[in-house]
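Trainee: Pasting work-v2.txt below, which is compact mmCIF, C-alpha atoms.
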```
# COMPACT_ATOMS: atom_id res chain seq x y z
CA MET A 1 104.77 73.70 69.71
CA ASN A 2 106.22 73.46 66.21
CA THR A 3 105.56 69.92 65.06
CA ARG A 4 106.88 70.70 61.57
CA ILE A 5 110.48 69.99 62.57
CA ILE A 6 112.58 67.90 64.93
CA PRO A 7 114.16 70.61 67.11
CA LYS A 8 117.18 68.54 68.02
CA GLU A 9 120.47 67.40 66.53
CA TYR A 10 121.69 63.80 66.60
CA ASN A 11 123.64 61.21 64.63
CA TYR A 12 121.84 58.70 62.44
CA THR A 13 122.94 55.18 61.68
CA ALA A 14 121.18 52.35 59.82
CA PRO A 15 123.17 49.11 60.09
CA GLN A 16 122.37 46.09 57.93
CA THR A 17 123.10 43.43 60.55
CA LEU A 18 121.95 42.69 64.08
CA ALA A 19 125.55 42.37 65.28
CA GLU A 20 126.31 45.92 64.15
CA ALA A 21 123.14 47.22 65.77
CA LEU A 22 124.01 45.58 69.10
CA ASP A 23 127.48 47.11 68.86
CA ILE A 24 126.02 50.59 68.36
CA LEU A 25 123.68 50.02 71.31
CA LYS A 26 126.74 49.86 73.58
CA GLN A 27 127.14 53.62 73.10
CA LYS A 28 125.42 56.11 75.37
CA ASN A 29 121.99 57.59 74.66
CA VAL A 30 121.08 55.57 71.62
CA ARG A 31 117.40 55.45 70.70
CA VAL A 32 115.98 52.88 68.32
CA LEU A 33 113.95 53.94 65.27
CA ALA A 34 111.59 51.34 63.85
CA GLY A 35 108.22 52.61 62.60
CA GLY A 36 108.84 56.01 64.19
CA THR A 37 105.20 56.52 65.11
CA ASP A 38 106.11 57.05 68.76
CA LEU A 39 109.77 58.14 68.64
CA ILE A 40 109.28 60.90 66.05
CA VAL A 41 106.32 62.34 67.97
CA ARG A 42 108.42 62.38 71.15
CA LEU A 43 111.34 64.01 69.33
CA LYS A 44 109.07 66.72 67.96
CA MET A 45 107.60 67.27 71.42
CA GLY A 46 111.08 67.70 72.87
CA SER A 47 110.83 64.70 75.19
CA GLU A 48 113.92 62.87 73.91
CA GLU A 49 116.49 65.43 75.07
CA ALA A 50 119.15 62.84 75.93
CA MET A 51 119.19 61.09 72.56
CA GLU A 52 122.57 61.37 70.80
CA THR A 53 122.21 58.63 68.21
CA MET A 54 119.22 57.41 66.25
CA LEU A 55 119.65 53.71 65.45
CA ASP A 56 117.42 52.79 62.49
CA ILE A 57 116.81 49.02 62.64
CA LYS A 58 114.53 48.81 59.59
CA ARG A 59 117.38 47.79 57.28
CA ILE A 60 118.17 44.63 59.23
CA PRO A 61 116.50 41.81 57.24
CA GLU A 62 116.41 39.25 60.07
CA LEU A 63 114.24 41.53 62.23
CA LYS A 64 111.46 41.71 59.66
CA GLY A 65 108.69 39.36 58.62
CA ILE A 66 106.58 36.47 59.86
CA ALA A 67 107.67 32.84 59.76
CA TYR A 68 105.70 29.76 60.77
CA CYS A 69 107.11 26.49 62.02
CA GLU A 70 105.73 23.50 63.95
CA LYS A 71 106.21 25.46 67.19
CA GLY A 72 104.13 28.42 66.06
CA ALA A 73 104.61 31.91 64.63
CA HIS A 74 107.75 34.03 64.75
CA ILE A 75 107.06 37.73 64.21
CA GLY A 76 110.14 39.89 63.61
CA ALA A 77 110.27 43.04 65.71
CA THR A 78 110.11 45.46 62.78
CA THR A 79 107.21 43.76 61.02
CA ALA A 80 104.63 46.46 60.33
CA LEU A 81 101.32 46.11 62.18
CA ALA A 82 99.39 46.03 58.88
CA ASP A 83 101.60 43.25 57.54
CA ILE A 84 100.82 41.14 60.60
CA GLU A 85 97.06 41.65 60.35
CA ALA A 86 97.13 40.43 56.76
CA GLU A 87 99.13 37.30 57.68
CA ILE A 88 97.92 36.23 61.08
CA ILE A 89 94.18 36.02 60.61
CA LYS A 90 93.80 32.23 60.60
CA ASN A 91 95.66 31.25 63.74
CA TYR A 92 95.48 34.21 66.11
CA PRO A 93 92.18 36.05 65.55
CA ALA A 94 92.36 38.04 68.81
CA LEU A 95 95.66 39.57 67.67
CA ARG A 96 94.02 40.48 64.40
CA ASP A 97 91.07 42.04 66.31
CA ALA A 98 93.57 44.27 68.11
CA LEU A 99 95.65 45.14 65.05
CA VAL A 100 92.80 46.20 62.76
CA ALA A 101 91.36 48.39 65.52
CA MET A 102 94.65 50.21 66.12
CA ALA A 103 95.22 53.76 64.86
CA ALA A 104 94.89 54.66 61.17
CA ILE A 105 96.02 52.51 58.26
CA ALA A 106 99.00 54.79 57.50
CA VAL A 107 100.20 54.37 61.09
CA ARG A 108 99.74 50.59 60.85
CA HIS A 109 101.84 50.56 57.67
CA MET A 110 104.64 52.21 59.69
CA GLY A 111 104.29 51.12 63.32
CA THR A 112 105.77 47.80 64.39
CA ILE A 113 104.89 45.12 66.94
CA GLY A 114 108.32 45.49 68.53
CA GLY A 115 107.66 49.19 69.01
CA ASN A 116 104.26 48.53 70.57
CA PHE A 117 105.97 46.28 73.13
CA VAL A 118 109.09 48.34 73.80
CA ASN A 119 107.08 51.52 74.35
CA ALA A 120 105.39 49.56 77.13
CA SER A 121 102.30 51.71 77.24
CA PRO A 122 99.70 50.41 79.72
CA VAL A 123 97.34 50.68 76.72
CA ALA A 124 99.48 48.67 74.23
CA ASP A 125 96.81 46.89 72.19
CA THR A 126 98.98 44.01 70.94
CA ALA A 127 100.02 43.12 74.51
CA GLY A 128 96.74 41.46 75.60
CA PRO A 129 96.44 39.04 72.66
CA VAL A 130 100.14 38.12 72.76
CA MET A 131 99.92 37.51 76.53
CA VAL A 132 96.80 35.31 76.41
CA TYR A 133 98.17 33.27 73.50
CA GLY A 134 101.17 32.47 75.69
CA GLY A 135 103.52 34.55 73.53
CA GLN A 136 107.16 35.21 74.27
CA VAL A 137 109.39 38.23 73.85
CA HIS A 138 112.88 37.67 72.43
CA LEU A 139 115.61 40.09 73.52
CA LYS A 140 119.18 40.17 72.29
CA GLY A 141 122.04 41.95 73.99
CA PRO A 142 125.78 41.79 74.55
CA GLU A 143 125.28 38.74 76.80
CA GLY A 144 123.20 36.81 74.29
CA GLU A 145 119.51 36.09 73.96
CA ARG A 146 116.83 36.16 76.64
CA VAL A 147 113.30 34.87 76.12
CA ILE A 148 110.66 36.25 78.45
CA PRO A 149 106.97 35.29 78.71
CA ALA A 150 105.01 38.25 77.35
CA ASP A 151 103.00 38.59 80.58
CA GLU A 152 106.23 39.17 82.51
CA PHE A 153 107.70 41.65 80.03
CA PHE A 154 105.92 44.81 81.17
CA VAL A 155 107.05 46.55 84.35
CA GLY A 156 105.31 49.93 84.41
CA PRO A 157 104.40 52.91 82.22
CA GLY A 158 107.13 53.03 79.54
CA LYS A 159 109.12 50.41 81.45
CA SER A 160 109.80 46.84 80.48
CA GLN A 161 112.35 44.12 81.12
CA LEU A 162 114.37 45.41 78.16
CA LYS A 163 117.79 46.36 79.51
CA GLU A 164 120.14 49.01 78.19
CA GLY A 165 122.08 47.56 75.28
CA GLU A 166 119.35 45.07 74.41
CA LEU A 167 117.14 44.97 71.36
CA LEU A 168 113.73 43.31 71.09
CA THR A 169 114.19 41.02 68.09
CA ALA A 170 110.95 39.06 67.85
CA ILE A 171 107.63 38.06 69.37
CA THR A 172 106.76 34.37 69.12
CA LEU A 173 103.35 32.78 69.49
CA PRO A 174 102.94 29.06 70.22
CA VAL A 175 100.61 26.85 68.21
CA GLN A 176 97.17 27.02 69.82
CA PRO A 177 95.35 23.90 70.98
CA ALA A 178 92.30 22.67 69.09
CA ASP A 179 89.02 23.83 70.64
CA SER A 180 90.58 27.05 71.89
CA GLY A 181 89.57 30.60 71.05
CA ALA A 182 90.30 34.18 72.00
CA ALA A 183 88.83 37.62 71.36
CA PHE A 184 89.97 41.21 71.86
CA PHE A 185 87.64 44.13 72.55
CA LYS A 186 88.37 47.79 73.21
CA LYS A 187 86.61 51.10 73.61
CA THR A 188 87.73 54.35 72.02
CA ARG A 189 86.01 57.69 71.50
CA VAL A 190 86.61 57.66 67.74
CA LYS A 191 88.23 54.87 65.76
CA PRO A 192 91.85 56.06 65.42
CA ASP A 193 92.06 56.93 69.12
CA ILE A 194 94.16 55.15 71.70
CA SER A 195 92.08 52.74 73.82
CA LYS A 196 90.23 53.92 76.93
CA ILE A 197 90.20 50.29 77.98
CA SER A 198 90.78 46.92 76.33
CA THR A 199 90.28 43.27 77.18
CA THR A 200 91.39 39.95 75.72
CA VAL A 201 89.82 36.67 76.78
CA TYR A 202 91.13 33.20 75.93
CA VAL A 203 89.31 29.92 76.57
CA GLU A 204 89.89 26.24 75.91
CA ARG A 205 86.89 23.96 75.65
CA ASP A 206 85.97 20.35 76.30
CA GLY A 207 82.35 19.98 75.23
CA GLU A 208 80.43 22.57 77.22
CA THR A 209 83.12 22.97 79.88
CA ILE A 210 85.86 25.59 80.05
CA THR A 211 89.13 23.74 80.57
CA ASN A 212 91.52 26.69 80.48
CA CYS A 213 91.08 30.45 80.61
CA ARG A 214 93.22 33.57 80.46
CA ILE A 215 92.13 37.20 80.77
CA ALA A 216 94.19 40.28 79.90
CA MET A 217 93.28 43.93 80.42
CA GLY A 218 94.75 47.13 78.94
CA ALA A 219 94.59 50.67 80.33
CA VAL A 220 93.39 49.62 83.78
CA ALA A 221 96.79 49.51 85.54
CA ALA A 222 100.34 50.84 85.22
CA LYS A 223 101.03 48.17 82.61
CA PRO A 224 99.08 45.69 80.48
CA ILE A 225 98.02 42.97 82.93
CA THR A 226 96.70 39.44 83.07
CA LEU A 227 94.27 38.30 85.78
CA PRO A 228 95.19 34.63 86.40
CA GLU A 229 93.40 34.41 89.77
CA ILE A 230 90.07 35.42 88.25
CA ALA A 231 90.59 33.40 85.06
CA LYS A 232 91.18 30.27 87.19
CA GLU A 233 87.64 30.55 88.56
CA ALA A 234 86.18 29.87 85.10
CA ILE A 235 88.06 26.59 84.70
CA GLY A 236 85.95 23.46 85.12
CA LYS A 237 82.70 25.38 84.80
CA LYS A 238 80.03 25.01 82.17
CA ALA A 239 80.02 27.94 79.74
CA SER A 240 76.96 30.19 79.88
CA LYS A 241 76.05 33.81 79.46
CA ALA A 242 75.47 33.94 83.22
CA LEU A 243 78.98 32.66 83.92
CA PHE A 244 80.48 35.18 81.52
CA ALA A 245 78.57 38.02 83.21
CA GLU A 246 79.78 36.77 86.58
CA MET A 247 83.39 36.70 85.34
CA ALA A 248 83.04 40.22 83.91
CA ALA A 249 81.69 41.49 87.23
CA LYS A 250 84.68 39.96 89.04
CA VAL A 251 87.08 41.67 86.63
CA ALA A 252 85.33 45.01 87.07
CA ASP A 253 85.52 44.57 90.86
CA THR A 254 89.20 43.71 90.85
CA ILE A 255 90.74 46.23 88.44
CA LYS A 256 91.94 49.57 89.79
CA PRO A 257 91.91 51.95 86.80
CA ILE A 258 92.61 55.67 87.13
CA ASP A 259 91.09 58.91 85.83
CA ASP A 260 93.17 60.31 82.98
CA ILE A 261 92.81 62.30 79.75
CA ARG A 262 91.12 59.43 77.94
CA SER A 263 88.59 58.26 80.48
CA THR A 264 87.62 57.88 84.13
CA ALA A 265 88.06 55.03 86.58
CA GLU A 266 84.28 54.83 86.99
CA TYR A 267 83.66 54.51 83.24
CA ARG A 268 86.41 51.93 82.83
CA LYS A 269 84.96 49.72 85.55
CA ALA A 270 81.43 50.04 84.14
CA VAL A 271 82.60 49.17 80.63
CA ALA A 272 84.74 46.24 81.81
CA ASN A 273 81.58 44.78 83.29
CA VAL A 274 80.08 44.54 79.79
CA MET A 275 83.14 44.19 77.57
CA VAL A 276 84.70 41.20 79.33
CA ALA A 277 81.45 39.26 78.98
CA GLU A 278 81.33 40.09 75.26
CA ALA A 279 84.91 38.94 74.84
CA PHE A 280 84.10 35.67 76.65
CA GLU A 281 81.19 35.03 74.29
CA VAL A 282 83.21 35.60 71.13
CA ALA A 283 86.20 33.63 72.46
CA TRP A 284 83.89 30.75 73.37
CA LYS A 285 82.28 30.76 69.91
CA ARG A 286 85.70 30.83 68.27
CA ALA A 287 86.61 27.80 70.37
CA GLY A 288 83.69 26.06 68.68
CA GLY A 289 81.41 26.34 71.70
CA ALA A 290 77.66 26.94 71.60
CA LEU A 291 75.64 29.01 74.05
CA MET B 1 125.36 66.01 63.05
CA ALA B 2 126.65 65.08 59.63
CA LYS B 3 124.85 65.96 56.42
CA LYS B 4 124.44 63.05 54.08
CA GLU B 5 123.94 62.81 50.33
CA ILE B 6 121.04 60.48 49.70
CA THR B 7 118.94 59.35 46.77
CA LEU B 8 115.19 59.70 47.11
CA ASN B 9 113.11 57.82 44.55
CA VAL B 10 109.97 59.88 44.18
CA ASN B 11 107.37 59.45 41.45
CA GLY B 12 109.74 57.32 39.40
CA LYS B 13 112.54 59.89 39.48
CA ALA B 14 115.80 59.67 41.43
CA TYR B 15 116.61 62.89 43.32
CA GLN B 16 120.04 63.50 44.88
CA VAL B 17 119.60 65.57 48.03
CA SER B 18 121.76 66.52 50.96
CA VAL B 19 119.92 66.08 54.27
CA GLU B 20 120.56 66.46 57.99
CA PRO B 21 119.58 63.44 60.14
CA ASN B 22 116.75 65.45 61.73
CA GLU B 23 115.14 66.61 58.48
CA ILE B 24 111.61 65.36 58.01
CA LEU B 25 110.68 63.75 54.68
CA LEU B 26 107.63 66.02 54.24
CA ASN B 27 109.83 69.13 54.45
CA VAL B 28 112.37 67.70 52.00
CA LEU B 29 109.59 66.83 49.53
CA ARG B 30 108.11 70.31 49.79
CA ASP B 31 111.14 72.57 50.25
CA LYS B 32 113.90 70.76 48.33
CA LEU B 33 112.04 68.79 45.66
CA PHE B 34 109.26 71.44 45.38
CA LEU B 35 106.58 68.74 45.51
CA THR B 36 104.15 70.83 47.54
CA GLY B 37 101.11 68.57 47.11
CA SER B 38 101.71 66.78 50.42
CA LYS B 39 100.56 69.09 53.21
CA TYR B 40 101.70 69.83 56.73
CA GLY B 41 98.65 69.58 58.96
CA CYS B 42 99.26 68.34 62.49
CA GLY B 43 102.82 67.00 62.36
CA ILE B 44 102.02 64.19 64.81
CA ALA B 45 100.29 61.45 62.80
CA GLU B 46 96.75 62.59 63.54
CA CYS B 47 95.41 64.15 60.32
CA GLY B 48 96.69 62.39 57.18
CA ALA B 49 97.37 65.58 55.17
CA CYS B 50 100.99 64.52 54.53
CA SER B 51 100.07 61.03 53.23
CA ILE B 52 102.39 59.51 50.63
CA LEU B 53 102.70 56.02 49.17
CA VAL B 54 105.65 53.76 49.95
CA ASP B 55 105.52 50.69 47.68
CA GLY B 56 101.91 51.65 46.98
CA LYS B 57 100.85 51.70 50.64
CA VAL B 58 99.97 54.89 52.48
CA GLN B 59 102.41 56.27 55.09
CA LEU B 60 102.81 59.65 56.77
CA SER B 61 105.68 61.78 55.45
CA CYS B 62 105.63 64.06 58.53
CA MET B 63 106.71 61.10 60.67
CA ILE B 64 109.67 59.88 58.59
CA PRO B 65 113.21 61.21 58.79
CA ALA B 66 114.18 61.80 55.12
CA ILE B 67 117.50 60.06 55.73
CA ALA B 68 115.62 56.87 56.66
CA ALA B 69 113.72 56.92 53.35
CA GLU B 70 116.82 56.54 51.19
CA GLY B 71 116.07 54.22 48.28
CA TRP B 72 112.38 53.78 49.13
CA ASN B 73 109.84 53.69 46.31
CA ILE B 74 107.85 56.84 47.11
CA THR B 75 104.81 58.24 45.32
CA THR B 76 103.35 61.63 46.19
CA VAL B 77 100.06 63.04 44.91
CA GLU B 78 102.05 64.60 42.02
CA GLY B 79 102.95 61.08 40.85
CA LEU B 80 99.46 59.58 40.74
CA ALA B 81 98.65 60.74 37.20
CA ASP B 82 100.28 58.89 34.31
CA LYS B 83 103.04 60.32 32.11
CA ASP B 84 100.58 62.04 29.80
CA GLY B 85 98.89 63.76 32.71
CA ASN B 86 95.81 61.53 32.81
CA LEU B 87 94.52 61.55 36.38
CA ASN B 88 94.22 58.26 38.20
CA PRO B 89 90.67 56.96 38.80
CA VAL B 90 90.56 58.25 42.39
CA GLN B 91 91.66 61.76 41.37
CA GLN B 92 89.15 61.85 38.51
CA ALA B 93 86.34 60.58 40.76
CA PHE B 94 87.07 63.31 43.35
CA ILE B 95 86.55 65.89 40.58
CA ASP B 96 83.49 64.17 39.09
CA ARG B 97 81.85 63.80 42.50
CA ALA B 98 82.97 67.31 43.62
CA ALA B 99 84.63 65.76 46.67
CA ILE B 100 86.75 68.87 47.19
CA GLN B 101 86.01 72.10 48.95
CA CYS B 102 89.04 73.94 50.33
CA GLY B 103 91.32 71.19 49.01
CA PHE B 104 93.81 71.05 51.89
CA CYS B 105 93.05 67.46 52.88
CA THR B 106 92.52 66.37 49.26
CA PRO B 107 96.07 65.21 48.41
CA GLY B 108 96.08 63.03 51.53
CA MET B 109 92.59 61.74 50.76
CA VAL B 110 93.43 60.89 47.14
CA VAL B 111 96.68 59.19 48.14
CA THR B 112 94.90 57.20 50.87
CA GLY B 113 92.08 56.23 48.50
CA THR B 114 94.66 55.05 45.97
CA SER B 115 96.38 52.96 48.66
CA LEU B 116 93.04 51.36 49.52
CA LEU B 117 92.25 50.43 45.92
CA ASN B 118 95.79 49.10 45.44
CA GLN B 119 95.15 46.64 48.27
CA ASN B 120 91.41 46.10 47.97
CA PRO B 121 89.98 46.85 44.51
CA HIS B 122 86.38 46.18 45.57
CA PRO B 123 85.86 47.77 48.99
CA THR B 124 82.48 48.07 50.67
CA GLU B 125 81.31 51.46 51.90
CA GLU B 126 82.21 50.41 55.45
CA GLU B 127 85.72 49.42 54.34
CA VAL B 128 86.21 52.80 52.65
CA LYS B 129 85.09 54.68 55.77
CA ASP B 130 87.32 52.53 57.94
CA TYR B 131 90.33 53.10 55.68
CA PHE B 132 89.88 56.88 55.89
CA ARG B 133 89.71 56.87 59.68
CA GLY B 134 93.04 58.70 59.93
CA ASN B 135 92.32 61.40 57.34
CA TYR B 136 90.73 64.57 58.66
CA CYS B 137 88.52 66.73 56.49
CA ARG B 138 87.03 69.84 58.08
CA CYS B 139 84.98 71.32 55.25
CA THR B 140 84.20 69.08 52.25
CA GLY B 141 82.46 66.46 54.34
CA TYR B 142 83.20 62.78 54.20
CA THR B 143 80.10 61.69 52.28
CA SER B 144 81.37 62.87 48.90
CA ILE B 145 84.89 61.60 49.64
CA VAL B 146 83.60 58.09 50.40
CA GLU B 147 81.30 58.14 47.37
CA ALA B 148 84.09 59.32 45.08
CA THR B 149 86.31 56.48 46.25
CA LEU B 150 83.53 53.96 45.61
CA MET B 151 82.99 55.49 42.17
CA ALA B 152 86.68 55.08 41.41
CA ALA B 153 86.57 51.44 42.50
CA GLU B 154 83.59 50.80 40.26
CA LYS B 155 85.23 52.49 37.29
CA MET B 156 88.43 50.52 37.77
CA SER B 157 86.59 47.20 37.84
CA LYS B 158 85.00 47.86 34.43
```
Let me see the file written as structure tokens.
Mentor:
Amino acid sequence: MNTRIIPKEYNYTAPQTLAEALDILKQKNVRVLAGGTDLIVRLKMGSEEAMETMLDIKRIPELKGIAYCEKGAHIGATTALADIEAEIIKNYPALRDALVAMAAIAVRHMGTIGGNFVNASPVADTAGPVMVYGGQVHLKGPEGERVIPADEFFVGPGKSQLKEGELLTAITLPVQPADSGAAFFKKTRVKPDISKISTTVYVERDGETITNCRIAMGAVAAKPITLPEIAKEAIGKKASKALFAEMAAKVADTIKPIDDIRSTAEYRKAVANVMVAEAFEVAWKRAGGAL
Amino acid sequence: MAKKEITLNVNGKAYQVSVEPNEILLNVLRDKLFLTGSKYGCGIAECGACSILVDGKVQLSCMIPAIAAEGWNITTVEGLADKDGNLNPVQQAFIDRAAIQCGFCTPGMVVTGTSLLNQNPHPTEEEVKDYFRGNYCRCTGYTSIVEATLMAAEKMSK
């Protein structure tokens, strides 16, 4: 394979407004270029045969940047991963955990959060934190805007609720309650690798008691998932290392990972058993809890 | 596929070039602007040999369509030295610490090290190692590369 060139011809367009971009998306076989860290690789590999038009959305100002308001954070789709990690540290530490552990710095200067969502990889590292923080995905199309809870956005490998003609415009994160905390953990062979498995745990605390809990897992199913049934079992219980180990064991029992190029089902289950407990501990501490 | 005349701002100079939509920035830098410092290594964002700076932050020129880079503020390894040819502190430290063997990864390493010190002038050893996680070296060895970058940081803070 010659990865020096893109062995394919296409038209290129870089509109300055969202309205123009949505108009271009009405054409056939348009692919969106944001950071390019996935699309360009696929083009070089010859797996984007159908593409006729490359729609570069990086020149649309309203899709870029982070804004805060009383409702929470609004992250534009083309905001670079590295720009989010620099901004978001105070309010959403689990998202920062995920961002700083992703890929290499050059890739994080290019890759975008919108791209990480739209690619809909079962491994997407930003998915878990956004899901447990109760984040929402904003889509715009010819029929207007749709807002979808992040944990309903993913459908399968490479598949999401994004319809033809729609553009992901932003991810929003609500303000988090006091005495809440979340943590993201993942395992890779070497640092810039894609995750073998990841977990995000979110807890709310009243004294020593867990009053709310969410658990997300990456690379253990056909899409990034949450485990609300298991998470519910932690609610109302007193936090302890024993409880966290019990929760981790339940997660490991429930998930149905597969063998693939990055890892095996057996390894993923064994690691979940440890990693979920670690994530619980850090999330609990971030919520101000003691152990 | 229509060719387009674009302006690429590289190392403080504006270049007029005619590019196809599928032309990769790395190839335009090397083959049309004859800036051959940036290297083609893997072509798929794994190795860091093609690293360039965009607004002072490292990006990978093998992953960018040249047409998309119109008007960007780009610096290649050729643009790190000042107008009189004085090397930047990272370049000088790589020489002083002999952090070069075959030299193929060096432009990417020097560019990445410069990006780090632009953002974080006083990195710890761990931060340097972490920042270089996407730059492959297969012969020099990372020890001297990390030490050279720390030396450059120290020199710059004086």
Trainee: Which residues are close to segment 271-280 of chain A, i.e. within 6 Å by only C-alpha atoms, leaving aside same-chain residues fewer than 6 positions away? Reply as a VMD selection string.
Mentor: chain A and resid 183 201 244 to 245 248 to 249 252
Trainee: With all atoms listed in the file as the counted atoms, please give the residues lying no more than 6 Å from Thr53 of chain A, apart from itself and same-chain residues fewer than 5 positions off, as a list in words.
Mentor: Tyr10, Asn11, Tyr12 and Val30 of chain A
Trainee: Give the residues of chain B that lie within 8 Å of chain A; count all atoms listed in the file, and format the answer as a ChimeraX atom specification.
Mentor: /B:1-2,21-24,27,40,42-45,48,51,57-60,62-64,68,131-134
Trainee: If you count all atoms listed in the file, which residues fall within 10 Å of Lys64 of chain A, apart from same-chain ones fewer than 2 positions away, as a list in words?
Mentor: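 So, after excluding close chain neighbours, the residues are Ile57, Lys58, Arg59, Ile60, Pro61, Glu62, Ile66, Ala67, His74, Ile75, Gly76, Ala77, Thr78, Thr79, Ala80, Thr112, Thr169 and Ala170 of chain A.
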Trainee: Atoms to include: C-alpha atoms. Write the selected residues as a short mmCIF file (atom, residue, chain, number, x, y, z; two decimals), in the frame of the given file.
Mentor:
```
data_model
loop_
_atom_site.label_atom_id
_atom_site.label_comp_id
_atom_site.auth_asym_id
_atom_site.auth_seq_id
_atom_site.Cartn_x
_atom_site.Cartn_y
_atom_site.Cartn_z
CA ILE A 57 116.81 49.02 62.64
CA LYS A 58 114.53 48.81 59.59
CA ARG A 59 117.38 47.79 57.28
CA ILE A 60 118.17 44.63 59.23
CA PRO A 61 116.50 41.81 57.24
CA GLU A 62 116.41 39.25 60.07
CA ILE A 66 106.58 36.47 59.86
CA ALA A 67 107.67 32.84 59.76
CA HIS A 74 107.75 34.03 64.75
CA ILE A 75 107.06 37.73 64.21
CA GLY A 76 110.14 39.89 63.61
CA ALA A 77 110.27 43.04 65.71
CA THR A 78 110.11 45.46 62.78
CA THR A 79 107.21 43.76 61.02
CA ALA A 80 104.63 46.46 60.33
CA THR A 112 105.77 47.80 64.39
CA THR A 169 114.19 41.02 68.09
CA ALA A 170 110.95 39.06 67.85
#
```
Trainee: Of the residues A:Pro257, A:Gly207, A:Gly115, A:Gly72, which is the one nearest to Tyr92 of chain A, using only C-alpha atoms?
Mentor: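 Of A:Pro257, A:Gly207, A:Gly115, A:Gly72, the one nearest Tyr92 of chain A is A:Gly72, counting only C-alpha atoms.
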Trainee: Kindly indicate which residue among B:Ser38, B:Ser157, B:Asn120, B:Ser144 lies nearest to Gly56 of chain B, using all atoms listed in the file for the distances.
Mentor: B:Asn120
Trainee: Have a look at B:Leu53, B:Ile74, B:Ile100, B:Ile145 and name the one nearest to Lys13 of chain B; count all atoms listed in the file.
Mentor: B:Ile74
Trainee: For atom CA of Thr199 of chain A and atom CA of Ala216 of chain A, determine how far apart the two atoms are, in Å to one decimal place.
Mentor: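 One can read the atom CA of Thr199 of chain A to atom CA of Ala216 of chain A distance as 5.6 Å.
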Trainee: Distance atom CA of Asn91 of chain A-atom CA of Ala234 of chain A, one decimal place?
Mentor: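 Those two atoms sit 23.4 Å apart.
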Trainee: When you look at Ile88 of chain A with a cut-off of 9 Å (counting all atoms listed in the file), what residues show up, excluding the ones that are within fewer than 5 positions of it in the same chain? I need them as an NGL selection string.
Mentor: :A and (66 or 73 or 83 or 93 or 95-96)
Trainee: How many Å lie between atom CA of Thr149 of chain B and atom CA of Ala98 of chain B, rounded to one decimal?
Mentor: 11.6 Å
Trainee: So which residues are close to (110.9, 33.7, 78.0), meaning at most 8 Å away in the file's coordinates with only C-alpha atoms counted, and can you show them as a JSON list (two decimals) with C-alpha atoms, keeping the file's coordinate frame?
Mentor:
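This went into selection21.json:
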```
[["chain", "number", "residue", "atom", "x", "y", "z"],
["A", 136, "GLN", "CA", 107.16, 35.21, 74.27],
["A", 137, "VAL", "CA", 109.39, 38.23, 73.85],
["A", 138, "HIS", "CA", 112.88, 37.67, 72.43],
["A", 146, "ARG", "CA", 116.83, 36.16, 76.64],
["A", 147, "VAL", "CA", 113.30, 34.87, 76.12],
["A", 148, "ILE", "CA", 110.66, 36.25, 78.45],
["A", 149, "PRO", "CA", 106.97, 35.29, 78.71],
["A", 150, "ALA", "CA", 105.01, 38.25, 77.35]]
```
Trainee: Near Asn119 of chain A, within 10 Å and counting all atoms listed in the file, which residues show up once chain neighbours fewer than 3 positions away are dropped, as a list in words?
Mentor: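 The residues that qualify are Asp38, Leu39, Gly114, Gly115, Asn116, Pro122, Ala124, Phe154, Pro157, Gly158, Lys159 and Ser160 of chain A.
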